[in-house]
Amino acid sequence: MARETGVAARCRSFSAHSHITSLLYAQIAHCVSLNDLCDALHLHSHALLAVRGALPPSRNNLSHANKTRAAVLAEQLFWRSLDHLRTQHPGFGPKGRRAYGKAFRFKTPVHVADATVMELVASCTDWACHQHRKAAAKTHVRLDLQTLLPRYVIVDTAREHDNRRARELCAGLRRGEIAVLDKGYVDFAHFADLSARGIFWVTRPKDNQQFRVIQNMPGTLSKDPRVVSDELVELTIDRTRELYPQAFRRVVARVEVDGELRQLAFITNNLQWAAGSVANLYQARWSVEAFFKQLKQTLQVADFLGHSANAVRWQVWTALLAYLLLRFLAWWSQWGHSFARLVTLLRAALWQRWNLYDLLARCYGTAAGNYRLLGRPEQAYLLHPLWDSTAHKPDQNLNLLPAL
């Protein structure tokens with residue numbers, strides 16, 4: 001892959017394999033600077049050499065590699081690793097599984113799209129400035145709700161609006177599939193294209209959207225007490241009605257947001273679903289927020305090791321690669337605890353010679369484990385002058401409570 005992408009031509013003493021290994025270590029170990037990463041790898045250079053001959057980089061070499069080597073290598077490595085794992089292990093991300101969360105009723109593939117913003121230093125990243133004294137990068141993700149794994153990712157600046165990336169995110173969808181989009185991706189020209197391709201879409205309308213009610217959808221209000229209204233509407237502004245001349249559905253329902261019931265409106269081009277299913281589909285979109293939370297709180301996409309656009313892309317794609325490998329380890333070992341605990345455990349055992357399956361599956365929560373590493377409190381004994389040193393056990397007839 002390094003030869004295919006032209007990265008190998010730029011490698012001399014610091015190979016592409018050592019580069020990927022170093023950035024993956026930065027994700028798991030949560031390194032906050034180049035010195036932090038390089039010093040740690042030099043301290044463990046002998047153990048690092050056992051990873052297919054990987055070498056620790058110097059600060060200048062790693063900084064130069066992040067700036068000049070094409071980040072498309074990390075991008076292709078992520079997608080090929082995902083295809084390889086799904087091919088070699090069909091149970092990892094099966095196609096026939098139902099969607100997670102509120103959309104469990106749908107056997108049809110459900111895709112959710114959203115974006116997350118990563119703040120950068122404005123004085124060092126002129127390419128990412130989007131407001132006065134503010135700079136940020138934005139990662140657009142289309143997440144498969146059946147596997148909770150990314151199916152399409154775009155790493156760009158935060159300057160452009162989300163709806164400019166909507167077509168690119170949904171380009172790979174097939175007929176009959178469902179796209180659940182954030183409010184920022186509302187583009188009725190794109191919605192018309194999705195409807196023509198036979199793709200169902202669900203999103204929230206903008207606050208200033210103007211429409212006209214054609215009729216009420218019959219037989220839905222009495223079945224679900226959460227539903228406030230279920231109407232067939234059409235756009236009234238001439239410019240937007242030219243983009244989307246068809247009628248679409250508008251559902252108003254009470255849903256739980258942050259522990260409180262709120263009344264929200266949803267729009268979709270599907271006229272056969274129950275009104276409650278439309279609300280459930282959009283609530284399932286919040287699974288992508290959990291994905292972003294896992295990515296940003298457990299891996300290293302907050303403190304960047306370089307200020308160039310190429311360095312930011314390197315770090316984001318290696319974070320996605322580390323997330324994929326960790327998700328595979330969790331599935332392979334039937335990990336029953338949280339994702340954050342998995343990352344912290346591997347961070348603590350990073351330089352130890354553990355068998356990962358024995359560590360994760362047998363010691364941390366499966367039926368065959370003995371739970372020795374769960375931090376369970378053990379009975380503590382205090383030494384007593386009448387301790388029987390020959391038998392190495394306390395006198396059975398001795399009551400230690402008065403002495404304590």
# chains A, B, ... in the order shown; residues from 1 in each chain; ligands from 1
>>> residues_around(residues="A:Ala192", least_positions_apart="2", cutoff="12 Å", atoms="only C-alpha atoms", output="list in words")
Arg167, Val186, Asp187, Phe188, Ala189, His190, Leu194, Ser195, Ala196, Arg197, Gly198, Ile199, Phe200, Trp201, Thr240, Arg241, Glu242, Leu243, Tyr244, Pro245, Gln246, Ala247, Phe248, Thr268 and Asn269 of chain A
>>> residues_around(residues="A:Ala54", least_positions_apart="3", cutoff="10 Å", atoms="only C-alpha atoms", output="PDB file with N, CA and C atoms, in the first residue's frame")
ATOM      1  N   PHE A  14      12.820   5.901   8.389  1.00  0.00           N
ATOM      2  CA  PHE A  14      11.565   5.771   9.123  1.00  0.00           C
ATOM      3  C   PHE A  14      10.522   5.196   8.164  1.00  0.00           C
ATOM      4  N   SER A  15      10.271   3.885   8.270  1.00  0.00           N
ATOM      5  CA  SER A  15       9.420   3.193   7.309  1.00  0.00           C
ATOM      6  C   SER A  15       7.956   3.536   7.523  1.00  0.00           C
ATOM      7  N   ALA A  16       7.124   3.188   6.537  1.00  0.00           N
ATOM      8  CA  ALA A  16       5.679   3.412   6.645  1.00  0.00           C
ATOM      9  C   ALA A  16       5.079   2.544   7.751  1.00  0.00           C
ATOM     10  N   HIS A  17       5.614   1.332   7.913  1.00  0.00           N
ATOM     11  CA  HIS A  17       5.123   0.461   8.979  1.00  0.00           C
ATOM     12  C   HIS A  17       5.423   1.053  10.353  1.00  0.00           C
ATOM     13  N   SER A  18       6.632   1.596  10.537  1.00  0.00           N
ATOM     14  CA  SER A  18       6.965   2.239  11.806  1.00  0.00           C
ATOM     15  C   SER A  18       6.100   3.478  12.034  1.00  0.00           C
ATOM     16  N   HIS A  19       5.769   4.171  10.962  1.00  0.00           N
ATOM     17  CA  HIS A  19       4.918   5.363  11.063  1.00  0.00           C
ATOM     18  C   HIS A  19       3.517   4.991  11.560  1.00  0.00           C
ATOM     19  N   ILE A  20       2.917   3.985  10.949  1.00  0.00           N
ATOM     20  CA  ILE A  20       1.577   3.545  11.358  1.00  0.00           C
ATOM     21  C   ILE A  20       1.603   3.025  12.792  1.00  0.00           C
ATOM     22  N   THR A  21       2.625   2.251  13.127  1.00  0.00           N
ATOM     23  CA  THR A  21       2.726   1.693  14.481  1.00  0.00           C
ATOM     24  C   THR A  21       2.861   2.800  15.529  1.00  0.00           C
ATOM     25  N   SER A  22       3.636   3.822  15.209  1.00  0.00           N
ATOM     26  CA  SER A  22       3.821   4.933  16.153  1.00  0.00           C
ATOM     27  C   SER A  22       2.520   5.684  16.382  1.00  0.00           C
ATOM     28  N   SER A  45      12.148   0.667  23.017  1.00  0.00           N
ATOM     29  CA  SER A  45      12.605   0.384  21.649  1.00  0.00           C
ATOM     30  C   SER A  45      12.821  -1.107  21.412  1.00  0.00           C
ATOM     31  N   HIS A  46      13.273  -1.841  22.432  1.00  0.00           N
ATOM     32  CA  HIS A  46      13.512  -3.274  22.251  1.00  0.00           C
ATOM     33  C   HIS A  46      12.186  -4.023  22.073  1.00  0.00           C
ATOM     34  N   ALA A  47      11.178  -3.673  22.851  1.00  0.00           N
ATOM     35  CA  ALA A  47       9.870  -4.309  22.669  1.00  0.00           C
ATOM     36  C   ALA A  47       9.220  -3.874  21.363  1.00  0.00           C
ATOM     37  N   LEU A  48       9.446  -2.638  20.968  1.00  0.00           N
ATOM     38  CA  LEU A  48       8.877  -2.152  19.705  1.00  0.00           C
ATOM     39  C   LEU A  48       9.505  -2.854  18.515  1.00  0.00           C
ATOM     40  N   LEU A  49      10.771  -3.224  18.626  1.00  0.00           N
ATOM     41  CA  LEU A  49      11.450  -3.906  17.527  1.00  0.00           C
ATOM     42  C   LEU A  49      10.823  -5.255  17.225  1.00  0.00           C
ATOM     43  N   ALA A  50      10.177  -5.866  18.228  1.00  0.00           N
ATOM     44  CA  ALA A  50       9.522  -7.159  17.999  1.00  0.00           C
ATOM     45  C   ALA A  50       8.246  -7.029  17.183  1.00  0.00           C
ATOM     46  N   VAL A  51       7.738  -5.815  17.005  1.00  0.00           N
ATOM     47  CA  VAL A  51       6.531  -5.604  16.193  1.00  0.00           C
ATOM     48  C   VAL A  51       6.972  -5.436  14.744  1.00  0.00           C
ATOM     49  N   PRO A  57      10.657   6.692  16.228  1.00  0.00           N
ATOM     50  CA  PRO A  57      11.047   7.851  15.412  1.00  0.00           C
ATOM     51  C   PRO A  57      11.659   8.946  16.269  1.00  0.00           C
TER      52      PRO A  57
END
>>> residues_around(residues="A:Ala115", least_positions_apart="3", cutoff="7 Å", atoms="only C-alpha atoms", output="compact mmCIF listing (two decimals) with N, CA and C atoms, in the first residue's frame")
# COMPACT_ATOMS: atom_id res chain seq x y z
N LYS A 138 -13.54 19.04 10.69
CA LYS A 138 -14.83 18.38 10.82
C LYS A 138 -14.76 17.01 10.16
N THR A 139 -15.30 16.02 10.85
CA THR A 139 -15.34 14.65 10.34
C THR A 139 -16.79 14.25 10.11
N HIS A 140 -17.14 14.01 8.85
CA HIS A 140 -18.47 13.53 8.49
C HIS A 140 -18.44 12.01 8.43
N VAL A 141 -19.43 11.37 9.05
CA VAL A 141 -19.46 9.91 9.14
C VAL A 141 -20.84 9.42 8.77
>>> atom_distance(atom1="atom CA of A:Thr87", atom2="atom CA of A:Ala330")
17.4 Å
>>> residues_around(residues="stretch 174-183 of chain A", least_positions_apart="2", cutoff="10 Å", atoms="only C-alpha atoms", output="compact mmCIF listing (two decimals) with C-alpha atoms, in the first residue's frame")
# COMPACT_ATOMS: atom_id res chain seq x y z
CA PHE A 106 -36.03 -2.71 10.67
CA LYS A 107 -34.26 -5.51 8.82
CA THR A 108 -33.46 -3.08 6.00
CA PRO A 109 -29.99 -1.48 6.35
CA VAL A 110 -30.23 1.78 8.26
CA HIS A 111 -27.53 4.43 7.81
CA VAL A 112 -27.13 7.46 10.06
CA ALA A 113 -25.09 10.52 9.04
CA ASP A 114 -23.67 13.20 11.26
CA ALA A 115 -20.52 15.27 11.76
CA ARG A 142 -22.10 7.63 7.70
CA LEU A 143 -22.57 4.91 10.31
CA ASP A 144 -24.12 1.50 9.67
CA LEU A 145 -26.72 1.00 12.39
CA ASP A 162 -22.88 20.08 6.29
CA ASN A 163 -25.37 19.92 3.41
CA ALA A 166 -24.75 15.18 1.99
CA LEU A 169 -22.14 10.70 2.18
CA CYS A 170 -25.21 9.01 0.64
CA ALA A 171 -23.69 8.16 -2.74
CA GLY A 172 -23.23 4.48 -1.90
CA TYR A 185 -27.87 17.89 5.99
CA VAL A 186 -31.31 19.18 4.92
CA ASP A 187 -31.12 19.73 1.16
CA LEU A 194 -32.75 10.01 -2.89
CA SER A 195 -36.49 9.55 -3.53
CA ALA A 196 -35.85 8.99 -7.23
CA ARG A 197 -33.31 6.27 -6.32
CA GLY A 198 -35.83 4.52 -4.06
CA ILE A 199 -34.04 5.43 -0.80
CA PHE A 200 -36.06 6.40 2.26
CA TRP A 201 -34.85 9.41 4.24
CA VAL A 202 -35.70 10.70 7.72
CA THR A 203 -34.58 13.99 9.22
CA ARG A 204 -35.76 16.99 11.22
CA PRO A 205 -37.06 20.12 9.44
CA LYS A 206 -35.42 23.48 9.88
CA ASP A 207 -37.12 25.98 12.15
CA PHE A 266 -39.67 14.79 11.84
CA THR A 268 -39.73 11.62 5.76
CA ASN A 270 -42.09 7.13 3.51
CA VAL A 278 -40.46 7.51 12.27
CA LEU A 281 -35.68 5.95 13.58
CA TYR A 282 -34.52 9.45 14.35
CA GLN A 283 -33.88 8.55 17.98
CA ALA A 284 -31.68 5.72 16.67
CA ARG A 285 -29.62 8.40 14.91
CA TRP A 286 -28.25 9.36 18.32
>>> atom_distance(atom1="atom CA of A:Arg159", atom2="atom CA of A:Phe304")
18.9 Å
>>> closest_residue(among="A:Phe292, A:Gly184, A:Thr344, A:Arg226", to="A:Leu261", atoms="only C-alpha atoms")
A:Arg226
>>> decode(residues="stretch 160-188 of chain A", atoms="N, CA and C atoms", output="short mmCIF file (atom, residue, chain, number, x, y, z; two decimals), in the first residue's frame")
data_model
loop_
_atom_site.label_atom_id
_atom_site.label_comp_id
_atom_site.auth_asym_id
_atom_site.auth_seq_id
_atom_site.Cartn_x
_atom_site.Cartn_y
_atom_site.Cartn_z
N GLU A 160 -17.08 24.64 5.54
CA GLU A 160 -18.21 24.34 4.68
C GLU A 160 -19.40 23.83 5.49
N HIS A 161 -20.60 24.12 5.00
CA HIS A 161 -21.81 23.66 5.66
C HIS A 161 -21.99 22.17 5.44
N ASP A 162 -22.71 21.53 6.35
CA ASP A 162 -22.88 20.08 6.29
C ASP A 162 -23.59 19.62 5.02
N ASN A 163 -24.59 20.39 4.56
CA ASN A 163 -25.37 19.92 3.41
C ASN A 163 -24.57 19.86 2.12
N ARG A 164 -23.40 20.46 2.09
CA ARG A 164 -22.54 20.34 0.91
C ARG A 164 -21.91 18.95 0.80
N ARG A 165 -21.92 18.21 1.90
CA ARG A 165 -21.34 16.86 1.91
C ARG A 165 -22.41 15.78 1.93
N ALA A 166 -23.68 16.17 1.87
CA ALA A 166 -24.75 15.18 1.99
C ALA A 166 -24.76 14.21 0.82
N ARG A 167 -24.62 14.70 -0.39
CA ARG A 167 -24.64 13.82 -1.56
C ARG A 167 -23.49 12.82 -1.54
N GLU A 168 -22.33 13.29 -1.13
CA GLU A 168 -21.16 12.40 -1.09
C GLU A 168 -21.33 11.32 -0.03
N LEU A 169 -21.93 11.67 1.12
CA LEU A 169 -22.14 10.70 2.18
C LEU A 169 -23.12 9.60 1.76
N CYS A 170 -24.15 9.97 1.01
CA CYS A 170 -25.21 9.01 0.64
C CYS A 170 -25.03 8.44 -0.76
N ALA A 171 -23.87 8.63 -1.36
CA ALA A 171 -23.69 8.16 -2.74
C ALA A 171 -23.72 6.64 -2.84
N GLY A 172 -23.31 5.93 -1.82
CA GLY A 172 -23.23 4.48 -1.90
C GLY A 172 -24.47 3.75 -1.45
N LEU A 173 -25.55 4.46 -1.11
CA LEU A 173 -26.76 3.80 -0.65
C LEU A 173 -27.49 3.11 -1.81
N ARG A 174 -28.18 2.03 -1.47
CA ARG A 174 -28.89 1.26 -2.48
C ARG A 174 -30.40 1.40 -2.30
N ARG A 175 -31.12 0.94 -3.30
CA ARG A 175 -32.57 1.05 -3.29
C ARG A 175 -33.17 0.28 -2.11
N GLY A 176 -34.10 0.91 -1.40
CA GLY A 176 -34.75 0.29 -0.26
C GLY A 176 -34.08 0.54 1.06
N GLU A 177 -32.86 1.09 1.07
CA GLU A 177 -32.18 1.37 2.32
C GLU A 177 -32.68 2.69 2.92
N ILE A 178 -32.33 2.92 4.19
CA ILE A 178 -32.86 4.06 4.95
C ILE A 178 -31.69 4.95 5.34
N ALA A 179 -31.83 6.25 5.09
CA ALA A 179 -30.84 7.24 5.48
C ALA A 179 -31.46 8.16 6.53
N VAL A 180 -30.87 8.19 7.72
CA VAL A 180 -31.32 9.06 8.81
C VAL A 180 -30.27 10.16 8.94
N LEU A 181 -30.68 11.40 8.65
CA LEU A 181 -29.74 12.50 8.52
C LEU A 181 -29.98 13.53 9.61
N ASP A 182 -28.91 14.20 9.99
CA ASP A 182 -29.00 15.31 10.93
C ASP A 182 -29.64 16.50 10.24
N LYS A 183 -30.13 17.44 11.06
CA LYS A 183 -30.80 18.62 10.52
C LYS A 183 -29.87 19.43 9.61
N GLY A 184 -28.58 19.39 9.88
CA GLY A 184 -27.64 20.15 9.06
C GLY A 184 -27.53 19.67 7.64
N TYR A 185 -27.96 18.44 7.34
CA TYR A 185 -27.87 17.89 5.99
C TYR A 185 -29.16 18.09 5.18
N VAL A 186 -30.06 18.95 5.64
CA VAL A 186 -31.31 19.18 4.92
C VAL A 186 -31.00 19.88 3.60
N ASP A 187 -31.30 19.20 2.52
CA ASP A 187 -31.12 19.73 1.16
C ASP A 187 -32.18 19.05 0.30
N PHE A 188 -33.23 19.78 -0.10
CA PHE A 188 -34.36 19.16 -0.78
C PHE A 188 -34.01 18.71 -2.19
#
